[in-house]
Amino acid sequence: MKQPDLVRFCRYLRANGFSAGVTESLAAADVVGVVEPGDPGAVRWALRAALSSSKEEWDSFDRLFDAFWNAQRAEPNGRRKPALTEPRGFWTLTGEPGGEVRPTNREAATIAGASDYARLKKVDFSEVSQSDQPALDQLAQRLLKQMSWRLSRRRKPAGSRGVVDVRRTIRGNISRGGEPLKLRYKDRQRQQARIVILLDISGSMSLYSMFLLKFAHALHRHFRRAETFVFSTRLVRIGPMLRSHNLAEAMRVLTACPADWSGGTRIGGSLSEFNARHARLLSRDTVLVILSDGWDTGKPELLAAELRSIKSRVRKVIWLNPLLGLPDYQPLTRGMAAALPHVDVFAPAHSLESLLELERHLG
Amino acid sequence: MGRHWAIRFAALWEGRTNPEDVGTIDAVIRGFEASGYVLDQPLATALFLLLRLGKPLLIEGHAGVGKTEVAKALAAFLDVELIRLQCYEGLDVNTAVYEWNYQKQLLAIQIREKTDEEEIFSPRFLLERPLLRAIRAESVSPVLLIDEIDRADEAFEAFLLELLSDFQITIPELGTIRARYRPHVILTSNRTRELSDALKRRCLYHWIDYPDFDKELEIVQLRARGAPRELSAQVVGFVQQVRSLDLSKPPGVAETLDCVHSLEALGRTRLDAEAAAATLGCIAKSVEDSAKIQAEGIDRILSRAAR
């Protein structure tokens, strides 16, 4: 296997969504150096071990490997552009995808400018134009990822006294003959909050639910302690599904899933089902997020009672309502009015910007 | 060069497999077979690269597919010590790397009234935890298993990244300890959260899926030698069908083995609906899952498995 071919292969993978960067390109050269060159299986598996770094990449590797090397065999010398346009030396291992391997659609997708980003962040999900959709998805992925990273790293400074730090106590008291006269304390690290999301997928929410689902998916990628349910007339747990699939696959699985997409809504009934079967997910460090417009066809008393019982057990109840983005919306529906007394945070969820606001309440 | 030959000679003398001598991927497969682990070509290739290039290997896969077993088998194959660090939420440097022996320090201070710091913070008072132990290996590279890294916090992950790039640990009171024999590192993850790109970039990657029927049967035959082949085959077929039911905790290979052992203990020689119901607890690990299997009908699952 020739070095330039290998370099082109790494670029090809990168153009197809692999995160393979400098380190992996160098690693590829290393692994090919130690396996039997005559053993095509070993070369393939060695490159797969070195170049993929997630199940998704692992799964698509074989297909890409075959596609690339078959094309390579068909046109062994396949360098159409003059070598001059290619970066030189070390960077040939890592340079931008170019040459004869074309970037895929994903790579070539709309690149939006900064002013565009500001506009996209504010646009209402129900009014996103077809042409804006890919750019918005991309932006959302990036911002949500950043948000979840920030959240997962944040720690509250220890206000109260934590555990005694024996090591620093001993060190500080050596001069007193080891008598622990003055105690030193360790900051107690606060555990990351557990997030439980209840997403309304009934008919009235249909313009928003797909996007909110993407939001839930992004949170799942980075919050170990996240759990998501969708509901309309009944409740379906989708957390494990969101966690184990990439977004496109998760969407496909979800549409096949036996929840009533775009049916009627029984918010109170769904909450009571949640309380009956999944109440153990709730604790003092849980933040419960309800994403719903509050159109409930059930009894408002039931909704109020179930929500009160939830609120007594969690740290915070957050209700995000897409309709709050409308300038003249008043939470007057019977369900919404019954729920409000038991909600800590009532905020809009109609645009990317409003979703990112959630960070303030989760920290 | 001199040290290199010394290692090789020592390994030869003690009848150990020297990583440098693992010439081919086939040699790895044969070696693992001897210690009761069925290795397929791709995983053998990854382990071969781990030994030859000294890179850590990140293994992901569902619970119960034998990720941890790989590390155990590798240690058995090389005939070296297996050092295991089980990760959990809140795991910190004191538990993973080192800790001072406070009681001993306090006693020493009190006995001698006047003591200088240097003496109190000497190796005599140091408690080694897994990572430090792996770094301080004296004669041969151990296998270091960092189990379920996805359960540890990001902060610990960052620390680990540093360790895996330099193989050295700094203890403020003692100075920097550098590994003389770099451990062979295997990390496992159940994918409960995304690992950082930097860590993934440093590692080779391998995904272990549930084994297919033939391979699982082979594993069961190796690990439950007493069980009749027919019984093992029936259980494997049953479990494979159950896995396709979309349970919240699908049974792994460990569950298959549990089930076979239980049936043996009950004196059964074949798996019928009644025996399957009696040992359902080995396979379904929650009320919901158990209900789901029963709703599907054990009879029906068994007949599908027989086909």
# chains A, B, ... in the order shown; residues from 1 in each chain; ligands from 1

call {"tool": "interface_residues", "arguments": {"of": "chain B", "to": "chain A", "cutoff": "9 Å", "atoms": "only C-alpha atoms", "output": "VMD selection string"}}
result
chain B and resid 24 to 25 41 to 43 45 to 46 48 to 49 52 to 53 57 to 58 60 to 61 89 to 90 99 to 100 102 105 to 110 112 to 117 150 to 151 153 to 155 191 to 195 197 200 to 207 248

call {"tool": "select_by_dssp", "arguments": {"residues": "range 31-116 of chain B", "states": "alpha helix (DSSP H)", "output": "PyMOL selection string"}}
result
chain B and resi 31-34+41-53+67-78+93-96+102-112

call {"tool": "write_last_selection", "arguments": {"atoms": "N, CA and C atoms", "output": "compact mmCIF listing (two decimals), in the first residue's frame"}}
result
# COMPACT_ATOMS: atom_id res chain seq x y z
N GLY B 31 -2.84 -18.07 20.81
CA GLY B 31 -2.54 -17.83 22.22
C GLY B 31 -3.78 -17.61 23.05
N PHE B 32 -4.73 -16.89 22.50
CA PHE B 32 -5.97 -16.61 23.24
C PHE B 32 -6.81 -17.87 23.37
N GLU B 33 -6.77 -18.69 22.35
CA GLU B 33 -7.56 -19.91 22.38
C GLU B 33 -7.10 -20.77 23.55
N ALA B 34 -5.78 -20.77 23.77
CA ALA B 34 -5.23 -21.56 24.86
C ALA B 34 -5.77 -21.09 26.21
N GLN B 41 -10.88 -12.56 13.77
CA GLN B 41 -9.75 -11.91 13.08
C GLN B 41 -9.64 -10.41 13.37
N PRO B 42 -10.75 -9.65 13.24
CA PRO B 42 -10.61 -8.21 13.46
C PRO B 42 -10.11 -7.85 14.87
N LEU B 43 -10.66 -8.53 15.88
CA LEU B 43 -10.22 -8.20 17.24
C LEU B 43 -8.77 -8.64 17.46
N ALA B 44 -8.42 -9.78 16.85
CA ALA B 44 -7.03 -10.23 16.94
C ALA B 44 -6.09 -9.20 16.33
N THR B 45 -6.53 -8.61 15.21
CA THR B 45 -5.71 -7.58 14.56
C THR B 45 -5.53 -6.38 15.49
N ALA B 46 -6.63 -5.97 16.12
CA ALA B 46 -6.56 -4.82 17.02
C ALA B 46 -5.60 -5.10 18.18
N LEU B 47 -5.67 -6.32 18.74
CA LEU B 47 -4.80 -6.67 19.87
C LEU B 47 -3.34 -6.76 19.43
N PHE B 48 -3.16 -7.27 18.23
CA PHE B 48 -1.82 -7.35 17.66
C PHE B 48 -1.21 -5.94 17.55
N LEU B 49 -2.03 -5.00 17.10
CA LEU B 49 -1.56 -3.62 16.97
C LEU B 49 -1.28 -3.02 18.34
N LEU B 50 -2.13 -3.34 19.30
CA LEU B 50 -1.91 -2.85 20.66
C LEU B 50 -0.54 -3.30 21.18
N LEU B 51 -0.21 -4.57 20.92
CA LEU B 51 1.06 -5.10 21.42
C LEU B 51 2.24 -4.52 20.64
N ARG B 52 2.08 -4.41 19.34
CA ARG B 52 3.20 -3.98 18.53
C ARG B 52 3.44 -2.48 18.57
N LEU B 53 2.36 -1.70 18.60
CA LEU B 53 2.53 -0.24 18.54
C LEU B 53 2.42 0.42 19.92
N LYS B 67 -16.37 -7.58 26.97
CA LYS B 67 -15.33 -6.56 26.80
C LYS B 67 -14.22 -6.73 27.84
N THR B 68 -14.68 -6.92 29.08
CA THR B 68 -13.71 -7.06 30.16
C THR B 68 -12.88 -8.33 30.00
N GLU B 69 -13.55 -9.36 29.47
CA GLU B 69 -12.87 -10.64 29.28
C GLU B 69 -11.65 -10.51 28.38
N VAL B 70 -11.73 -9.60 27.42
CA VAL B 70 -10.61 -9.43 26.49
C VAL B 70 -9.34 -9.09 27.26
N ALA B 71 -9.47 -8.17 28.22
CA ALA B 71 -8.31 -7.76 29.00
C ALA B 71 -7.79 -8.92 29.84
N LYS B 72 -8.73 -9.66 30.43
CA LYS B 72 -8.31 -10.80 31.25
C LYS B 72 -7.55 -11.82 30.42
N ALA B 73 -8.10 -12.09 29.22
CA ALA B 73 -7.47 -13.07 28.35
C ALA B 73 -6.10 -12.58 27.87
N LEU B 74 -6.00 -11.27 27.64
CA LEU B 74 -4.72 -10.72 27.20
C LEU B 74 -3.67 -10.90 28.28
N ALA B 75 -4.07 -10.65 29.53
CA ALA B 75 -3.13 -10.82 30.64
C ALA B 75 -2.71 -12.28 30.77
N ALA B 76 -3.68 -13.18 30.59
CA ALA B 76 -3.37 -14.61 30.69
C ALA B 76 -2.44 -15.02 29.55
N PHE B 77 -2.71 -14.49 28.37
CA PHE B 77 -1.91 -14.81 27.19
C PHE B 77 -0.46 -14.36 27.38
N LEU B 78 -0.28 -13.14 27.90
CA LEU B 78 1.07 -12.63 28.10
C LEU B 78 1.68 -13.13 29.40
N VAL B 93 -8.64 11.24 41.74
CA VAL B 93 -7.24 10.84 41.68
C VAL B 93 -6.83 10.04 42.92
N ASN B 94 -7.40 10.39 44.09
CA ASN B 94 -7.03 9.68 45.31
C ASN B 94 -7.37 8.19 45.25
N THR B 95 -8.44 7.86 44.58
CA THR B 95 -8.83 6.45 44.50
C THR B 95 -8.17 5.76 43.32
N ALA B 96 -7.84 6.52 42.29
CA ALA B 96 -7.35 5.90 41.07
C ALA B 96 -5.83 5.85 41.02
N TYR B 102 -2.63 7.97 55.93
CA TYR B 102 -2.72 9.00 56.96
C TYR B 102 -2.49 8.47 58.37
N GLN B 103 -3.09 7.32 58.65
CA GLN B 103 -2.93 6.78 59.99
C GLN B 103 -1.45 6.60 60.31
N LYS B 104 -0.76 6.03 59.34
CA LYS B 104 0.66 5.76 59.54
C LYS B 104 1.44 7.07 59.70
N GLN B 105 1.06 8.05 58.90
CA GLN B 105 1.73 9.34 59.00
C GLN B 105 1.52 9.95 60.38
N LEU B 106 0.27 9.93 60.85
CA LEU B 106 -0.05 10.51 62.15
C LEU B 106 0.73 9.82 63.26
N LEU B 107 0.76 8.48 63.19
CA LEU B 107 1.50 7.73 64.20
C LEU B 107 2.96 8.12 64.19
N ALA B 108 3.54 8.19 63.00
CA ALA B 108 4.96 8.51 62.88
C ALA B 108 5.26 9.88 63.47
N ILE B 109 4.36 10.82 63.20
CA ILE B 109 4.57 12.17 63.72
C ILE B 109 4.52 12.17 65.24
N GLN B 110 3.55 11.45 65.78
CA GLN B 110 3.38 11.48 67.23
C GLN B 110 4.49 10.76 67.97
N ILE B 111 4.94 9.67 67.40
CA ILE B 111 5.98 8.89 68.06
C ILE B 111 7.26 9.70 68.18
N ARG B 112 7.58 10.42 67.11
CA ARG B 112 8.87 11.10 67.12
C ARG B 112 8.79 12.58 67.47

call {"tool": "closest_residue", "arguments": {"among": "B:Ile208, B:Val185, B:Ile149, B:Ala137", "to": "Leu91 in chain B", "atoms": "only C-alpha atoms"}}
result
B:Ile149

call {"tool": "closest_residue", "arguments": {"among": "B:Leu164, B:Glu119, B:Leu131, B:His184", "to": "Val80 in chain B", "atoms": "only C-alpha atoms"}}
result
B:His184

call {"tool": "atom_distance", "arguments": {"atom1": "CA of Ser312 in chain A", "atom2": "CA of Leu324 in chain A"}}
result
25.4 Å

call {"tool": "closest_residue", "arguments": {"among": "B:Val22, B:Leu271, B:Ala63, B:Ala306", "to": "Glu255 in chain B", "atoms": "only C-alpha atoms"}}
result
B:Ala63

call {"tool": "residues_around", "arguments": {"residues": "Leu231 in chain B", "least_positions_apart": "4", "cutoff": "9 Å", "atoms": "only C-alpha atoms", "output": "compact mmCIF listing (two decimals) with C-alpha atoms, in the first residue's frame"}}
result
# COMPACT_ATOMS: atom_id res chain seq x y z
CA ALA B 227 -23.09 -28.88 29.48
CA VAL B 235 -30.17 -21.91 25.00
CA VAL B 236 -28.04 -19.95 22.55
CA VAL B 260 -26.87 -22.86 30.86
CA LEU B 263 -30.33 -25.52 33.76
CA ARG B 268 -32.29 -30.38 32.82
CA THR B 269 -30.92 -31.75 29.62
CA ARG B 270 -33.08 -29.87 27.19
CA LEU B 271 -34.77 -26.49 27.07

call {"tool": "closest_residue", "arguments": {"among": "A:Arg194, A:Arg334, A:His278, A:Arg184", "to": "Lys299 in chain A", "atoms": "only C-alpha atoms"}}
result
A:Arg334
